[in-house]
Structures are given as structure tokens and as C-alpha cells.
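**Q** The structure file data23.cif (mmCIF, C-alpha atoms) is provided below.
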```
data_data
loop_
_atom_site.group_PDB
_atom_site.id
_atom_site.type_symbol
_atom_site.label_atom_id
_atom_site.label_comp_id
_atom_site.auth_asym_id
_atom_site.auth_seq_id
_atom_site.Cartn_x
_atom_site.Cartn_y
_atom_site.Cartn_z
ATOM 1 C CA ASP J 1 -4.959 6.164 -12.998
ATOM 2 C CA THR J 2 -1.807 4.054 -12.565
ATOM 3 C CA GLY J 3 -2.686 1.538 -15.279
ATOM 4 C CA VAL J 4 -3.365 -1.251 -12.787
ATOM 5 C CA SER J 5 -6.974 -2.357 -13.093
ATOM 6 C CA GLN J 6 -9.047 -4.414 -10.685
ATOM 7 C CA ASP J 7 -12.396 -6.065 -11.154
ATOM 8 C CA PRO J 8 -14.944 -5.879 -9.681
ATOM 9 C CA ARG J 9 -14.665 -2.566 -7.886
ATOM 10 C CA HIS J 10 -17.311 -3.559 -5.378
ATOM 11 C CA LYS J 11 -18.569 -6.965 -4.260
ATOM 12 C CA ILE J 12 -21.320 -7.701 -1.777
ATOM 13 C CA THR J 13 -21.723 -11.313 -0.772
ATOM 14 C CA LYS J 14 -23.309 -13.408 1.908
ATOM 15 C CA ARG J 15 -21.286 -15.208 4.524
ATOM 16 C CA GLY J 16 -20.172 -18.606 3.321
ATOM 17 C CA GLN J 17 -20.065 -17.721 -0.364
ATOM 18 C CA ASN J 18 -16.926 -17.820 -2.501
ATOM 19 C CA VAL J 19 -15.645 -14.704 -4.237
ATOM 20 C CA THR J 20 -12.930 -14.086 -6.806
ATOM 21 C CA PHE J 21 -11.162 -10.840 -7.636
ATOM 22 C CA ARG J 22 -9.023 -10.055 -10.653
ATOM 23 C CA CYS J 23 -6.030 -7.778 -11.101
ATOM 24 C CA ASP J 24 -4.575 -6.734 -14.445
ATOM 25 C CA PRO J 25 -1.090 -5.281 -14.020
ATOM 26 C CA ILE J 26 0.684 -2.608 -15.991
ATOM 27 C CA SER J 27 2.069 -4.221 -19.115
ATOM 28 C CA GLU J 28 5.466 -5.885 -18.549
ATOM 29 C CA HIS J 29 5.291 -5.510 -14.769
ATOM 30 C CA ASN J 30 6.584 -8.836 -13.522
ATOM 31 C CA ARG J 31 6.071 -8.152 -9.796
ATOM 32 C CA LEU J 32 2.542 -8.368 -8.400
ATOM 33 C CA TYR J 33 1.373 -7.923 -4.828
ATOM 34 C CA TRP J 34 -1.958 -8.309 -3.057
ATOM 35 C CA TYR J 35 -2.700 -6.225 0.038
ATOM 36 C CA ARG J 36 -5.744 -5.969 2.293
ATOM 37 C CA GLN J 37 -6.878 -2.684 3.807
ATOM 38 C CA THR J 38 -9.468 -2.457 6.541
ATOM 39 C CA LEU J 39 -11.199 0.754 7.562
ATOM 40 C CA GLY J 40 -8.852 3.227 9.205
ATOM 41 C CA GLN J 41 -5.756 1.095 8.643
ATOM 42 C CA GLY J 42 -2.890 0.975 6.210
ATOM 43 C CA PRO J 43 -2.682 -1.786 3.622
ATOM 44 C CA GLU J 44 -1.328 -5.114 4.868
ATOM 45 C CA PHE J 45 0.689 -7.457 2.674
ATOM 46 C CA LEU J 46 -1.011 -10.710 1.666
ATOM 47 C CA THR J 47 1.046 -12.307 -1.088
ATOM 48 C CA TYR J 48 3.659 -11.687 -3.779
ATOM 49 C CA PHE J 49 4.211 -13.027 -7.282
ATOM 50 C CA GLN J 50 7.265 -12.698 -9.459
ATOM 51 C CA ASN J 51 6.072 -13.608 -12.928
ATOM 52 C CA GLU J 52 3.902 -16.689 -12.381
ATOM 53 C CA ALA J 53 5.652 -17.863 -9.208
ATOM 54 C CA GLN J 54 4.043 -17.136 -5.843
ATOM 55 C CA LEU J 55 7.100 -16.407 -3.726
ATOM 56 C CA GLU J 56 5.639 -15.304 -0.401
ATOM 57 C CA LYS J 57 2.395 -15.604 1.500
ATOM 58 C CA SER J 58 1.586 -13.705 4.665
ATOM 59 C CA ARG J 59 0.264 -15.521 7.703
ATOM 60 C CA LEU J 60 -2.806 -13.311 7.162
ATOM 61 C CA LEU J 61 -3.562 -15.480 4.135
ATOM 62 C CA SER J 62 -5.543 -18.301 5.706
ATOM 63 C CA ASP J 63 -6.226 -21.550 3.888
ATOM 64 C CA ARG J 64 -9.507 -20.045 2.680
ATOM 65 C CA PHE J 65 -7.519 -17.653 0.495
ATOM 66 C CA SER J 66 -5.804 -18.637 -2.716
ATOM 67 C CA ALA J 67 -4.078 -16.543 -5.341
ATOM 68 C CA GLU J 68 -2.875 -17.368 -8.802
ATOM 69 C CA ARG J 69 -1.047 -15.655 -11.604
ATOM 70 C CA PRO J 70 -1.143 -17.930 -14.626
ATOM 71 C CA LYS J 71 1.345 -17.059 -17.358
ATOM 72 C CA GLY J 72 2.647 -14.172 -15.282
ATOM 73 C CA SER J 73 0.007 -11.728 -16.488
ATOM 74 C CA PHE J 74 -3.266 -11.100 -14.634
ATOM 75 C CA SER J 75 -3.798 -12.424 -11.134
ATOM 76 C CA THR J 76 -6.824 -13.688 -9.236
ATOM 77 C CA LEU J 77 -7.490 -13.773 -5.521
ATOM 78 C CA GLU J 78 -10.177 -16.179 -4.333
ATOM 79 C CA ILE J 79 -11.740 -16.287 -0.905
ATOM 80 C CA GLN J 80 -13.682 -19.394 -0.048
ATOM 81 C CA ARG J 81 -16.403 -19.583 2.604
ATOM 82 C CA THR J 82 -16.293 -15.845 3.227
ATOM 83 C CA GLU J 83 -16.611 -14.518 6.775
ATOM 84 C CA GLN J 84 -17.681 -11.084 7.971
ATOM 85 C CA GLY J 85 -14.096 -10.441 9.009
ATOM 86 C CA ASP J 86 -13.068 -10.687 5.356
ATOM 87 C CA SER J 87 -14.823 -7.386 4.646
ATOM 88 C CA ALA J 88 -12.094 -5.039 3.455
ATOM 89 C CA MET J 89 -10.560 -3.328 0.445
ATOM 90 C CA TYR J 90 -8.370 -5.736 -1.513
ATOM 91 C CA LEU J 91 -5.599 -3.912 -3.326
ATOM 92 C CA CYS J 92 -3.331 -5.098 -6.100
ATOM 93 C CA ALA J 93 0.028 -3.456 -6.729
ATOM 94 C CA THR J 94 2.562 -4.096 -9.450
ATOM 95 C CA GLY J 95 6.151 -3.243 -10.193
ATOM 96 C CA THR J 96 9.179 -4.116 -12.279
ATOM 97 C CA SER J 97 12.539 -5.660 -11.515
ATOM 98 C CA ILE J 98 14.225 -2.507 -12.806
ATOM 99 C CA LEU J 99 12.578 -0.130 -10.323
ATOM 100 C CA ARG J 100 12.667 -2.749 -7.617
ATOM 101 C CA ASP J 101 10.995 -0.844 -4.820
ATOM 102 C CA THR J 102 8.322 1.111 -6.669
ATOM 103 C CA GLN J 103 4.798 -0.264 -6.491
ATOM 104 C CA TYR J 104 1.767 1.083 -8.328
ATOM 105 C CA PHE J 105 -1.596 0.350 -6.807
ATOM 106 C CA GLY J 106 -4.866 -0.392 -8.507
ATOM 107 C CA PRO J 107 -8.177 1.148 -7.374
ATOM 108 C CA GLY J 108 -8.997 -1.865 -5.203
ATOM 109 C CA THR J 109 -11.989 -4.159 -4.782
ATOM 110 C CA ARG J 110 -14.261 -3.315 -1.870
ATOM 111 C CA LEU J 111 -15.657 -6.543 -0.371
ATOM 112 C CA THR J 112 -18.637 -6.496 1.954
ATOM 113 C CA VAL J 113 -19.648 -9.779 3.576
ATOM 114 C CA LEU J 114 -23.158 -9.730 5.030
ATOM 115 C CA GLN D 1 4.354 -5.668 16.527
ATOM 116 C CA GLN D 2 3.830 -2.499 14.537
ATOM 117 C CA GLN D 3 6.964 -1.939 12.539
ATOM 118 C CA VAL D 4 6.051 1.517 11.223
ATOM 119 C CA LYS D 5 4.403 3.981 13.573
ATOM 120 C CA GLN D 6 2.728 7.069 12.097
ATOM 121 C CA SER D 7 1.506 10.249 13.741
ATOM 122 C CA PRO D 8 -0.678 12.180 14.027
ATOM 123 C CA GLN D 9 -3.774 10.144 13.263
ATOM 124 C CA SER D 10 -5.470 13.259 11.907
ATOM 125 C CA LEU D 11 -4.350 16.766 11.038
ATOM 126 C CA ILE D 12 -6.179 19.973 10.194
ATOM 127 C CA VAL D 13 -4.320 22.874 8.590
ATOM 128 C CA GLN D 14 -5.300 26.100 6.931
ATOM 129 C CA LYS D 15 -4.782 26.712 3.246
ATOM 130 C CA GLY D 16 -1.227 27.884 2.672
ATOM 131 C CA GLY D 17 0.063 26.288 5.854
ATOM 132 C CA ILE D 18 2.621 23.532 6.339
ATOM 133 C CA SER D 19 1.454 19.975 6.993
ATOM 134 C CA ILE D 20 3.885 17.694 8.814
ATOM 135 C CA ILE D 21 3.392 13.950 9.243
ATOM 136 C CA ASN D 22 5.863 11.804 11.124
ATOM 137 C CA CYS D 23 6.823 8.143 10.978
ATOM 138 C CA ALA D 24 9.158 5.970 12.997
ATOM 139 C CA TYR D 25 10.387 2.518 12.117
ATOM 140 C CA GLU D 26 11.944 -0.301 14.086
ATOM 141 C CA ASN D 27 13.583 -2.575 11.547
ATOM 142 C CA THR D 28 17.020 -1.248 10.590
ATOM 143 C CA ALA D 29 16.976 -3.464 7.510
ATOM 144 C CA PHE D 30 14.403 -1.172 5.881
ATOM 145 C CA ASP D 31 16.062 0.692 3.016
ATOM 146 C CA TYR D 32 13.236 2.321 1.070
ATOM 147 C CA PHE D 33 10.680 4.724 2.495
ATOM 148 C CA PRO D 34 7.772 5.874 0.296
ATOM 149 C CA TRP D 35 4.789 8.056 1.068
ATOM 150 C CA TYR D 36 1.418 7.294 -0.468
ATOM 151 C CA GLN D 37 -1.645 9.524 -0.836
ATOM 152 C CA GLN D 38 -5.089 7.976 -0.817
ATOM 153 C CA PHE D 39 -8.428 9.566 -1.625
ATOM 154 C CA PRO D 40 -11.688 7.933 -0.487
ATOM 155 C CA GLY D 41 -12.586 4.924 -2.603
ATOM 156 C CA LYS D 42 -9.262 4.965 -4.457
ATOM 157 C CA GLY D 43 -6.064 2.998 -4.241
ATOM 158 C CA PRO D 44 -2.933 4.542 -2.712
ATOM 159 C CA ALA D 45 -0.893 6.683 -5.105
ATOM 160 C CA LEU D 46 2.879 6.996 -4.763
ATOM 161 C CA LEU D 47 3.758 10.550 -3.784
ATOM 162 C CA ILE D 48 7.463 10.617 -3.022
ATOM 163 C CA ALA D 49 10.094 8.200 -1.722
ATOM 164 C CA ILE D 50 13.540 8.285 -0.133
ATOM 165 C CA ARG D 51 16.426 5.924 0.553
ATOM 166 C CA PRO D 52 18.576 6.139 3.698
ATOM 167 C CA ASP D 53 21.657 7.429 1.890
ATOM 168 C CA VAL D 54 20.143 10.935 1.749
ATOM 169 C CA SER D 55 18.651 13.080 4.505
ATOM 170 C CA GLU D 56 16.149 15.010 2.439
ATOM 171 C CA LYS D 57 14.291 14.775 -0.848
ATOM 172 C CA LYS D 58 12.081 17.454 -2.336
ATOM 173 C CA GLU D 59 9.566 17.207 -5.155
ATOM 174 C CA GLY D 60 7.509 20.320 -5.681
ATOM 175 C CA ARG D 61 5.625 21.144 -2.490
ATOM 176 C CA PHE D 62 6.428 17.758 -0.932
ATOM 177 C CA THR D 63 9.597 17.079 1.084
ATOM 178 C CA ILE D 64 10.747 13.985 2.935
ATOM 179 C CA SER D 65 13.166 14.462 5.806
ATOM 180 C CA PHE D 66 15.018 11.344 6.934
ATOM 181 C CA ASN D 67 16.921 10.751 10.193
ATOM 182 C CA LYS D 68 18.656 7.380 10.030
ATOM 183 C CA SER D 69 20.071 7.455 13.567
ATOM 184 C CA ALA D 70 16.673 8.207 15.073
ATOM 185 C CA LYS D 71 14.925 5.804 12.665
ATOM 186 C CA GLN D 72 12.431 8.507 11.787
ATOM 187 C CA PHE D 73 11.203 10.164 8.627
ATOM 188 C CA SER D 74 8.621 12.811 7.935
ATOM 189 C CA LEU D 75 6.572 14.308 5.131
ATOM 190 C CA HIS D 76 6.273 18.063 4.826
ATOM 191 C CA ILE D 77 3.624 19.577 2.565
ATOM 192 C CA MET D 78 4.334 23.223 1.908
ATOM 193 C CA ASP D 79 1.606 25.694 0.921
ATOM 194 C CA SER D 80 -1.072 23.093 1.699
ATOM 195 C CA GLN D 81 -4.140 23.233 -0.556
ATOM 196 C CA PRO D 82 -7.697 21.933 -0.092
ATOM 197 C CA GLY D 83 -6.970 19.433 -2.878
ATOM 198 C CA ASP D 84 -4.303 17.908 -0.633
ATOM 199 C CA SER D 85 -7.035 16.730 1.737
ATOM 200 C CA ALA D 86 -6.578 12.958 1.774
ATOM 201 C CA THR D 87 -5.157 10.136 3.860
ATOM 202 C CA TYR D 88 -1.378 9.858 3.806
ATOM 203 C CA PHE D 89 0.495 6.658 4.521
ATOM 204 C CA CYS D 90 4.176 6.199 5.194
ATOM 205 C CA ALA D 91 5.664 2.833 4.340
ATOM 206 C CA ALA D 92 8.929 0.949 4.368
ATOM 207 C CA SER D 93 10.450 -1.989 2.567
ATOM 208 C CA MET D 94 13.718 -3.881 2.459
ATOM 209 C CA TYR D 95 15.669 -5.962 0.041
ATOM 210 C CA GLY D 96 14.859 -9.355 1.491
ATOM 211 C CA GLY D 97 14.355 -12.324 -0.802
ATOM 212 C CA SER D 98 13.824 -9.983 -3.763
ATOM 213 C CA ASN D 99 10.377 -9.222 -2.371
ATOM 214 C CA TYR D 100 10.158 -5.498 -1.497
ATOM 215 C CA LYS D 101 6.799 -5.918 0.202
ATOM 216 C CA LEU D 102 5.642 -2.695 1.829
ATOM 217 C CA THR D 103 4.926 -2.280 5.530
ATOM 218 C CA PHE D 104 2.550 0.637 6.046
ATOM 219 C CA GLY D 105 1.790 2.977 8.902
ATOM 220 C CA LYS D 106 -1.817 3.412 9.987
ATOM 221 C CA GLY D 107 -2.315 6.618 8.055
ATOM 222 C CA THR D 108 -2.951 10.311 8.706
ATOM 223 C CA LEU D 109 -6.161 11.977 7.618
ATOM 224 C CA LEU D 110 -5.235 15.452 6.430
ATOM 225 C CA THR D 111 -7.866 18.138 6.096
ATOM 226 C CA VAL D 112 -6.882 21.463 4.551
ATOM 227 C CA ASN D 113 -9.424 24.179 5.234
ATOM 228 C CA PRO D 114 -9.936 26.883 2.595
#
```
Please go through the file and, once you have read it, give me the structure as C-alpha cells.

**A**
Amino acid sequence: DTGVSQDPRHKITKRGQNVTFRCDPISEHNRLYWYRQTLGQGPEFLTYFQNEAQLEKSRLLSDRFSAERPKGSFSTLEIQRTEQGDSAMYLCATGTSILRDTQYFGPGTRLTVL
Amino acid sequence: QQQVKQSPQSLIVQKGGISIINCAYENTAFDYFPWYQQFPGKGPALLIAIRPDVSEKKEGRFTISFNKSAKQFSLHIMDSQPGDSATYFCAASMYGGSNYKLTFGKGTLLTVNP
């Protein structure tokens, strides 16, 4: 257990519904990343926050995806009008500015879109 | 364009044997190379990492060998144990815009037979 928590751990939804995931970082970790992992693949970068500022978004993050990190603490990732292709594991990772490179991953949220 | 290529896709070794997983990268701006271990249903866990100023790093049974000129690095697991059975991912990141987002390989499924 890295100390990064994600909720829910599993989400099953029907196509067209909206879903929201939450990530709680390790205390005082100011860097927060979202990645997406599909079956048999490595995680792919989606977006990055430093404190409350969203500093980078991948082209994988379509306009149906939005992420927030109010007050620089927990973060949420929302997917609107879900599609079957959104089915994946959504991973949150956090880090500090002191150990710039090191990222600690949460357990992930497994999304299944029917 | 796959920036980090990992091989083999799967690997079977006997207990006590040496497991070797290889990765090659294309972007010479990468300056941090971690390996992650992932068990089914869990998030990736940082195993060991190296920077290009050293050619080898050892932590317990795990060793990273790094060849900057060939743009290759590998993970060696000595005295492999059944508990090491997991998926291993190599990754790379660079200091660009204070981001440090990770680019992952596709993973290697390691099975250690008792």
C-alpha cells in the first residue's frame, strides 16, 4: 500500500452515462498524475497537476474527460457520455517536488462500460 | 510511435533462475528509468530506478543495467522466486516543463515456476 487511495475500485456503467473517479494522494504530495491502462498494455499518461494547477493534458484526454484538483489535495477525473472504448484501469500517481521523478501509484479504478 | 520498447512479452523461469527483461528507448532526452512491478488488480509498484550517469544499480535481488550509447536498459532478477510472478514494466521520463510524466513499455508477464 503506497498511501495513494482511489475510489471506487470498480465501476460498471452503461454507455452514455457519466462517471467520476476520486484520487487521494499521499499527504503533502504536490504532484498528481492520471494514467489509463488497458488490458495487456502499460499505463498511458492522461494529465498532470502541480498543486491545483493542471499543467498538461494528453491528446488521449478527449473533451469528454475532465479532471480537477481543487485546493491541491484530492483529484477527480470525470468521463462524460462514456463509450465502450473507455473501459480501462484508471490509475492515479503522486509525487513530490523533492523527489522529482518518483511516482507512487494508487490501486486504480477499473471501469467497465457496457 | 512507441518511445519505450520492452521485451520479451512473457517469460517463464524456474525458481532460483535469473529473469532478464530488456527495454530500449528512442528519446535521448529521457533521464530517469524506473521499473515497476504490477500484480493482477493492483497498481504498479516502484521496484528500482536508475539515472544515465551510472551503468548499474543493484537493490537486493534486483539489478538494472544501463547502456546509454545503445539506449537500452535491462532488469535482472536473481534467484527468482514464485512470489516474483507479476507483470513488469519499464518506463522513462525526462525533465521537461517540470512534468516528469512516465512513458511505459508494454510490459512483461513473468512466471516463476516452483

**Q** For chain D against chain J, which residues fall within 10 Å using all atoms listed in the file, given as a PyMOL selection string?

**A** chain D and resi 9+31-34+36+38+41-46+49+87-95+97-109

**Q** For this file, the PyMOL selection byres ((chain D and resi 112) around 12) selects which residues, as a list in words?

**A**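 This file, filtered by the PyMOL selection byres ((chain D and resi 112) around 12), leaves Ser10, Leu11, Ile12, Val13, Gln14, Lys15, Gly16, Gly17, Ile18, Ser19, Ile77, Met78, Asp79, Ser80, Gln81, Pro82, Gly83, Asp84, Ser85, Ala86, Thr87, Leu109, Leu110, Thr111, Asn113 and Pro114 of chain D.
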
**Q** Which centre and edge lengths in Å to one decimal define the box along x, y and z that fits every listed atom of region 43-62 of chain D plus 8 Å per side, as lines of an AutoDock Vina configuration file?

**A**
```
center_x = 7.8
center_y = 12.1
center_z = -0.6
size_x = 43.7
size_y = 34.1
size_z = 26.2
```

**Q** May I ask for the distance between CA of Thr20 (chain J) and CA of Phe39 (chain D), given in Å to one decimal place?

**A** 24.6 Å

**Q** Fewer than 2 positions away in the same chain doesn't count, so skip those; otherwise give me all residues within 7 Å of Ser5 (chain J), counting all atoms listed in the file, as a PDB file with C-alpha atoms, in the frame of the given file.

**A**
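The result, stored in result_17.pdb:
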```pdb
ATOM      1  CA  GLY J   3      -2.686   1.538 -15.279  1.00  0.00           C
ATOM      2  CA  ASP J   7     -12.396  -6.065 -11.154  1.00  0.00           C
ATOM      3  CA  CYS J  23      -6.030  -7.778 -11.101  1.00  0.00           C
ATOM      4  CA  ASP J  24      -4.575  -6.734 -14.445  1.00  0.00           C
ATOM      5  CA  PRO J  25      -1.090  -5.281 -14.020  1.00  0.00           C
ATOM      6  CA  GLY J 106      -4.866  -0.392  -8.507  1.00  0.00           C
ATOM      7  CA  PRO J 107      -8.177   1.148  -7.374  1.00  0.00           C
TER       8      PRO J 107
END
```
